[in-house]
Amino acid sequence: MNWNRTARGAADVKLIIAILFAVGGLSWAVVSFLSSGSSENDNEPRVVASALDDEGNEVDTAYTKASTQKQIDRVQAEIESVIRSQAVNELNKIDAPKGLPDGISDATINAFIPILSGDQDSFFDAIQAMGGELPGDLESEHPLFKHLAGVFKHAKVDLNRITVERFVEEPRGGGMRMRREVTAEEAEDVLGGEEQRTRIQSQVMEMHPASIFPDAPPKQDATAVQIKIPVQPKGEKHESVFALILTWNKDAKLWQPAAYQMINNRRMEDG
């Protein structure tokens with residue numbers, strides 16, 4: 001596994017830390033992007049929003065429960081419908097078979113639903129369905145399943161904000177810009193002269209399942225698509241996003257996971 005933790009400002013790099021390691025045949029990376037201003041306020045920041053769009057703006061949520069099998073079945077049907085319709089448009093943008101939106105939908109269901117239900121046997125069945133190779137030990141918890149199910153098992157799913165897009169890796173110089181929510185003049189009246197600043201922090205934990213999908217093209221492949229499913233993890237207040245990068249294995253004629261991601265977006269406000 002390899003983890004890369006990076007904190008960076010909108011205009012300048014604030015902090016870069018890289019940690020590399022490997023466990024269970026999986027490659028791991030964690031990347032954090034922090035956009036911040038030049039505020040001298042050192043008070044502990046607090047999270048004020050976690051459901052954000054690509055610009056860092058707060059969005060409305062409508063989470064659907066997925067704790068019982070009946071609820072999970074309903075969520076699965078909705079995800080299949082949403083992804084199938086969106087995949088048609090995305091397939092027109094990439095070098096992949098144009099008539100296979102169902103394949104993207106099927107691969108997403110296979111990748112996500114066993115994790116949502118917390119059923120490792122179904123997780124192993126799904127690996128085979130996607131043309132993957134089962135690990136040697138099927139009795140112990142697989143590290144990929146353990147980490148993902150630990151976050152997403154029985155999470156509430158926002159079915160209205162699922163997206164399917166062509167995947168293009170962001171350049172290292174990117175990141176969300178800091179947003180100032182209260183001007184200095186407003187702060188004088190409302191906050192007793194103390195200006196409040198907010199910043200957007202985005203953390204991505206990425207897992208490369210090369211040990212179970214050894215022939216899947218990497219996420220840099222021209223066929224790569226990214227599916228994002230916003231959820232509210234069970235017992236949590238803030239949102240996380242399950243993201244899946246699929247690439248087209250032309251030999252197996254299957255969409256396969258090139259990377260699993262857990263994304264946490266946070267709007268932080270100075271205390």
# chains A, B, ... in the order shown; residues from 1 in each chain; ligands from 1

call {"tool": "residues_around", "arguments": {"residues": "stretch 160-167 of chain A", "least_positions_apart": "3", "cutoff": "10 Å", "atoms": "only C-alpha atoms", "output": "PyMOL selection string"}}
result
chain A and resi 53+59-64+78-79+82-94+104-105+157+170+219-231+241-247

call {"tool": "residues_around", "arguments": {"residues": "stretch 69-75 of chain A", "least_positions_apart": "6", "cutoff": "9 Å", "atoms": "only C-alpha atoms", "output": "NGL selection string"}}
result
:A and (113 or 116-117 or 154 or 157 or 159)

call {"tool": "write_last_selection", "arguments": {"atoms": "N, CA and C atoms", "output": "compact mmCIF listing (two decimals), in the first residue's frame"}}
result
# COMPACT_ATOMS: atom_id res chain seq x y z
N ILE A 113 -22.61 -2.82 -3.72
CA ILE A 113 -23.69 -3.39 -2.91
C ILE A 113 -23.18 -4.37 -1.85
N LEU A 116 -22.01 -2.18 0.86
CA LEU A 116 -23.14 -1.52 1.52
C LEU A 116 -23.86 -2.49 2.46
N SER A 117 -23.98 -3.74 2.05
CA SER A 117 -24.68 -4.73 2.88
C SER A 117 -23.77 -5.37 3.92
N HIS A 154 -24.29 -0.29 5.57
CA HIS A 154 -25.58 0.24 6.02
C HIS A 154 -25.60 1.78 6.05
N VAL A 157 -27.81 6.47 1.47
CA VAL A 157 -27.31 6.81 0.14
C VAL A 157 -28.11 7.97 -0.45
N LEU A 159 -29.35 9.15 -3.52
CA LEU A 159 -29.57 8.64 -4.87
C LEU A 159 -29.68 9.77 -5.91

call {"tool": "closest_residue", "arguments": {"among": "A:His142, A:Lys250, A:Ala155, A:Pro45", "to": "A:Glu236", "atoms": "only C-alpha atoms"}}
result
A:Ala155

call {"tool": "residues_around", "arguments": {"residues": "A:Gly118", "least_positions_apart": "2", "cutoff": "6 Å", "atoms": "only C-alpha atoms", "output": "list in words"}}
result
Pro114, Ile115, Leu116, Ala149 and Lys153 of chain A

call {"tool": "closest_residue", "arguments": {"among": "A:Gln203, A:Asn264, A:Gln232, A:Asn110", "to": "A:Glu80", "atoms": "only C-alpha atoms"}}
result
A:Asn110

call {"tool": "residues_around", "arguments": {"residues": "A:Pro214", "least_positions_apart": "2", "cutoff": "12 Å", "atoms": "only C-alpha atoms", "output": "list of chain:residue names"}}
result
A:Gly25, A:Leu26, A:Ser27, A:Ile127, A:Met130, A:Gly131, A:Gly132, A:Glu133, A:Leu134, A:Pro135, A:His208, A:Pro209, A:Ala210, A:Ser211, A:Ile212, A:Ala216, A:Pro217, A:Pro218, A:Asn249, A:Ala252, A:Gln256, A:Pro257, A:Ala258, A:Ala259

call {"tool": "write_last_selection", "arguments": {"atoms": "N, CA, C and O atoms", "output": "mmCIF file, in the first residue's frame"}}
result
data_model
loop_
_atom_site.group_PDB
_atom_site.id
_atom_site.type_symbol
_atom_site.label_atom_id
_atom_site.label_comp_id
_atom_site.auth_asym_id
_atom_site.auth_seq_id
_atom_site.Cartn_x
_atom_site.Cartn_y
_atom_site.Cartn_z
ATOM 1 N N GLY A 25 -1.344 -7.130 -0.620
ATOM 2 C CA GLY A 25 -1.344 -7.080 -2.066
ATOM 3 C C GLY A 25 -2.095 -5.913 -2.651
ATOM 4 O O GLY A 25 -2.335 -5.854 -3.852
ATOM 5 N N LEU A 26 -2.492 -4.946 -1.828
ATOM 6 C CA LEU A 26 -3.206 -3.775 -2.306
ATOM 7 C C LEU A 26 -2.283 -2.572 -2.311
ATOM 8 O O LEU A 26 -1.413 -2.439 -1.469
ATOM 9 N N SER A 27 -2.493 -1.701 -3.268
ATOM 10 C CA SER A 27 -1.771 -0.434 -3.300
ATOM 11 C C SER A 27 -2.710 0.645 -2.787
ATOM 12 O O SER A 27 -3.860 0.721 -3.203
ATOM 13 N N ILE A 127 -16.417 -10.294 -7.105
ATOM 14 C CA ILE A 127 -15.082 -10.284 -7.710
ATOM 15 C C ILE A 127 -15.054 -11.235 -8.901
ATOM 16 O O ILE A 127 -14.552 -10.909 -9.986
ATOM 17 N N MET A 130 -16.926 -9.945 -11.896
ATOM 18 C CA MET A 130 -16.203 -8.897 -12.615
ATOM 19 C C MET A 130 -14.914 -9.413 -13.241
ATOM 20 O O MET A 130 -14.109 -8.628 -13.749
ATOM 21 N N GLY A 131 -14.711 -10.727 -13.221
ATOM 22 C CA GLY A 131 -13.540 -11.308 -13.858
ATOM 23 C C GLY A 131 -12.277 -11.226 -13.034
ATOM 24 O O GLY A 131 -11.170 -11.356 -13.573
ATOM 25 N N GLY A 132 -12.417 -11.038 -11.717
ATOM 26 C CA GLY A 132 -11.256 -10.936 -10.848
ATOM 27 C C GLY A 132 -10.809 -12.285 -10.321
ATOM 28 O O GLY A 132 -11.432 -13.320 -10.569
ATOM 29 N N GLU A 133 -9.710 -12.260 -9.576
ATOM 30 C CA GLU A 133 -9.138 -13.464 -8.985
ATOM 31 C C GLU A 133 -9.363 -13.441 -7.483
ATOM 32 O O GLU A 133 -9.002 -12.471 -6.807
ATOM 33 N N LEU A 134 -9.945 -14.510 -6.957
ATOM 34 C CA LEU A 134 -10.208 -14.574 -5.527
ATOM 35 C C LEU A 134 -8.906 -14.715 -4.749
ATOM 36 O O LEU A 134 -7.967 -15.375 -5.214
ATOM 37 N N PRO A 135 -8.829 -14.102 -3.551
ATOM 38 C CA PRO A 135 -7.644 -14.281 -2.706
ATOM 39 C C PRO A 135 -7.554 -15.717 -2.214
ATOM 40 O O PRO A 135 -8.558 -16.448 -2.208
ATOM 41 N N HIS A 208 -5.914 0.439 -4.802
ATOM 42 C CA HIS A 208 -5.725 -0.190 -6.107
ATOM 43 C C HIS A 208 -5.747 -1.705 -5.933
ATOM 44 O O HIS A 208 -4.814 -2.274 -5.376
ATOM 45 N N PRO A 209 -6.792 -2.378 -6.407
ATOM 46 C CA PRO A 209 -6.944 -3.816 -6.154
ATOM 47 C C PRO A 209 -6.214 -4.684 -7.178
ATOM 48 O O PRO A 209 -6.799 -5.587 -7.792
ATOM 49 N N ALA A 210 -4.927 -4.418 -7.363
ATOM 50 C CA ALA A 210 -4.169 -5.137 -8.390
ATOM 51 C C ALA A 210 -4.079 -6.629 -8.112
ATOM 52 O O ALA A 210 -3.938 -7.429 -9.035
ATOM 53 N N SER A 211 -4.168 -7.020 -6.838
ATOM 54 C CA SER A 211 -4.037 -8.437 -6.504
ATOM 55 C C SER A 211 -5.275 -9.234 -6.910
ATOM 56 O O SER A 211 -5.188 -10.438 -7.140
ATOM 57 N N ILE A 212 -6.440 -8.584 -7.001
ATOM 58 C CA ILE A 212 -7.655 -9.304 -7.378
ATOM 59 C C ILE A 212 -8.133 -8.949 -8.787
ATOM 60 O O ILE A 212 -8.920 -9.693 -9.369
ATOM 61 N N ALA A 216 -6.788 -5.546 -15.024
ATOM 62 C CA ALA A 216 -7.557 -4.324 -15.257
ATOM 63 C C ALA A 216 -6.621 -3.202 -15.691
ATOM 64 O O ALA A 216 -5.587 -2.968 -15.053
ATOM 65 N N PRO A 217 -6.939 -2.501 -16.770
ATOM 66 C CA PRO A 217 -6.115 -1.347 -17.153
ATOM 67 C C PRO A 217 -6.068 -0.325 -16.018
ATOM 68 O O PRO A 217 -7.037 -0.202 -15.247
ATOM 69 N N PRO A 218 -4.977 0.421 -15.883
ATOM 70 C CA PRO A 218 -4.863 1.401 -14.795
ATOM 71 C C PRO A 218 -5.817 2.572 -14.999
ATOM 72 O O PRO A 218 -6.397 2.745 -16.084
ATOM 73 N N ASN A 249 -11.589 -3.761 -19.752
ATOM 74 C CA ASN A 249 -10.659 -4.847 -20.060
ATOM 75 C C ASN A 249 -11.145 -5.485 -21.369
ATOM 76 O O ASN A 249 -12.105 -6.249 -21.381
ATOM 77 N N ALA A 252 -11.081 -9.458 -21.479
ATOM 78 C CA ALA A 252 -12.156 -10.095 -20.716
ATOM 79 C C ALA A 252 -13.530 -9.591 -21.135
ATOM 80 O O ALA A 252 -14.544 -10.187 -20.792
ATOM 81 N N GLN A 256 -13.810 -3.330 -15.174
ATOM 82 C CA GLN A 256 -13.204 -3.806 -13.932
ATOM 83 C C GLN A 256 -12.704 -2.631 -13.096
ATOM 84 O O GLN A 256 -12.323 -1.584 -13.634
ATOM 85 N N PRO A 257 -12.687 -2.792 -11.765
ATOM 86 C CA PRO A 257 -12.198 -1.715 -10.899
ATOM 87 C C PRO A 257 -10.684 -1.497 -11.041
ATOM 88 O O PRO A 257 -9.898 -2.424 -10.857
ATOM 89 N N ALA A 258 -10.329 -0.281 -11.393
ATOM 90 C CA ALA A 258 -8.919 0.111 -11.368
ATOM 91 C C ALA A 258 -8.564 0.737 -10.028
ATOM 92 O O ALA A 258 -7.413 0.702 -9.595
ATOM 93 N N ALA A 259 -9.564 1.305 -9.361
ATOM 94 C CA ALA A 259 -9.339 1.915 -8.044
ATOM 95 C C ALA A 259 -10.670 2.089 -7.327
ATOM 96 O O ALA A 259 -11.693 2.397 -7.942
#

call {"tool": "atom_distance", "arguments": {"atom1": "atom CA of A:Asp215", "atom2": "atom CA of A:Asp251"}}
result
8.9 Å

call {"tool": "atom_distance", "arguments": {"atom1": "atom CA of A:Asp158", "atom2": "atom CA of A:Ala126"}}
result
22.8 Å
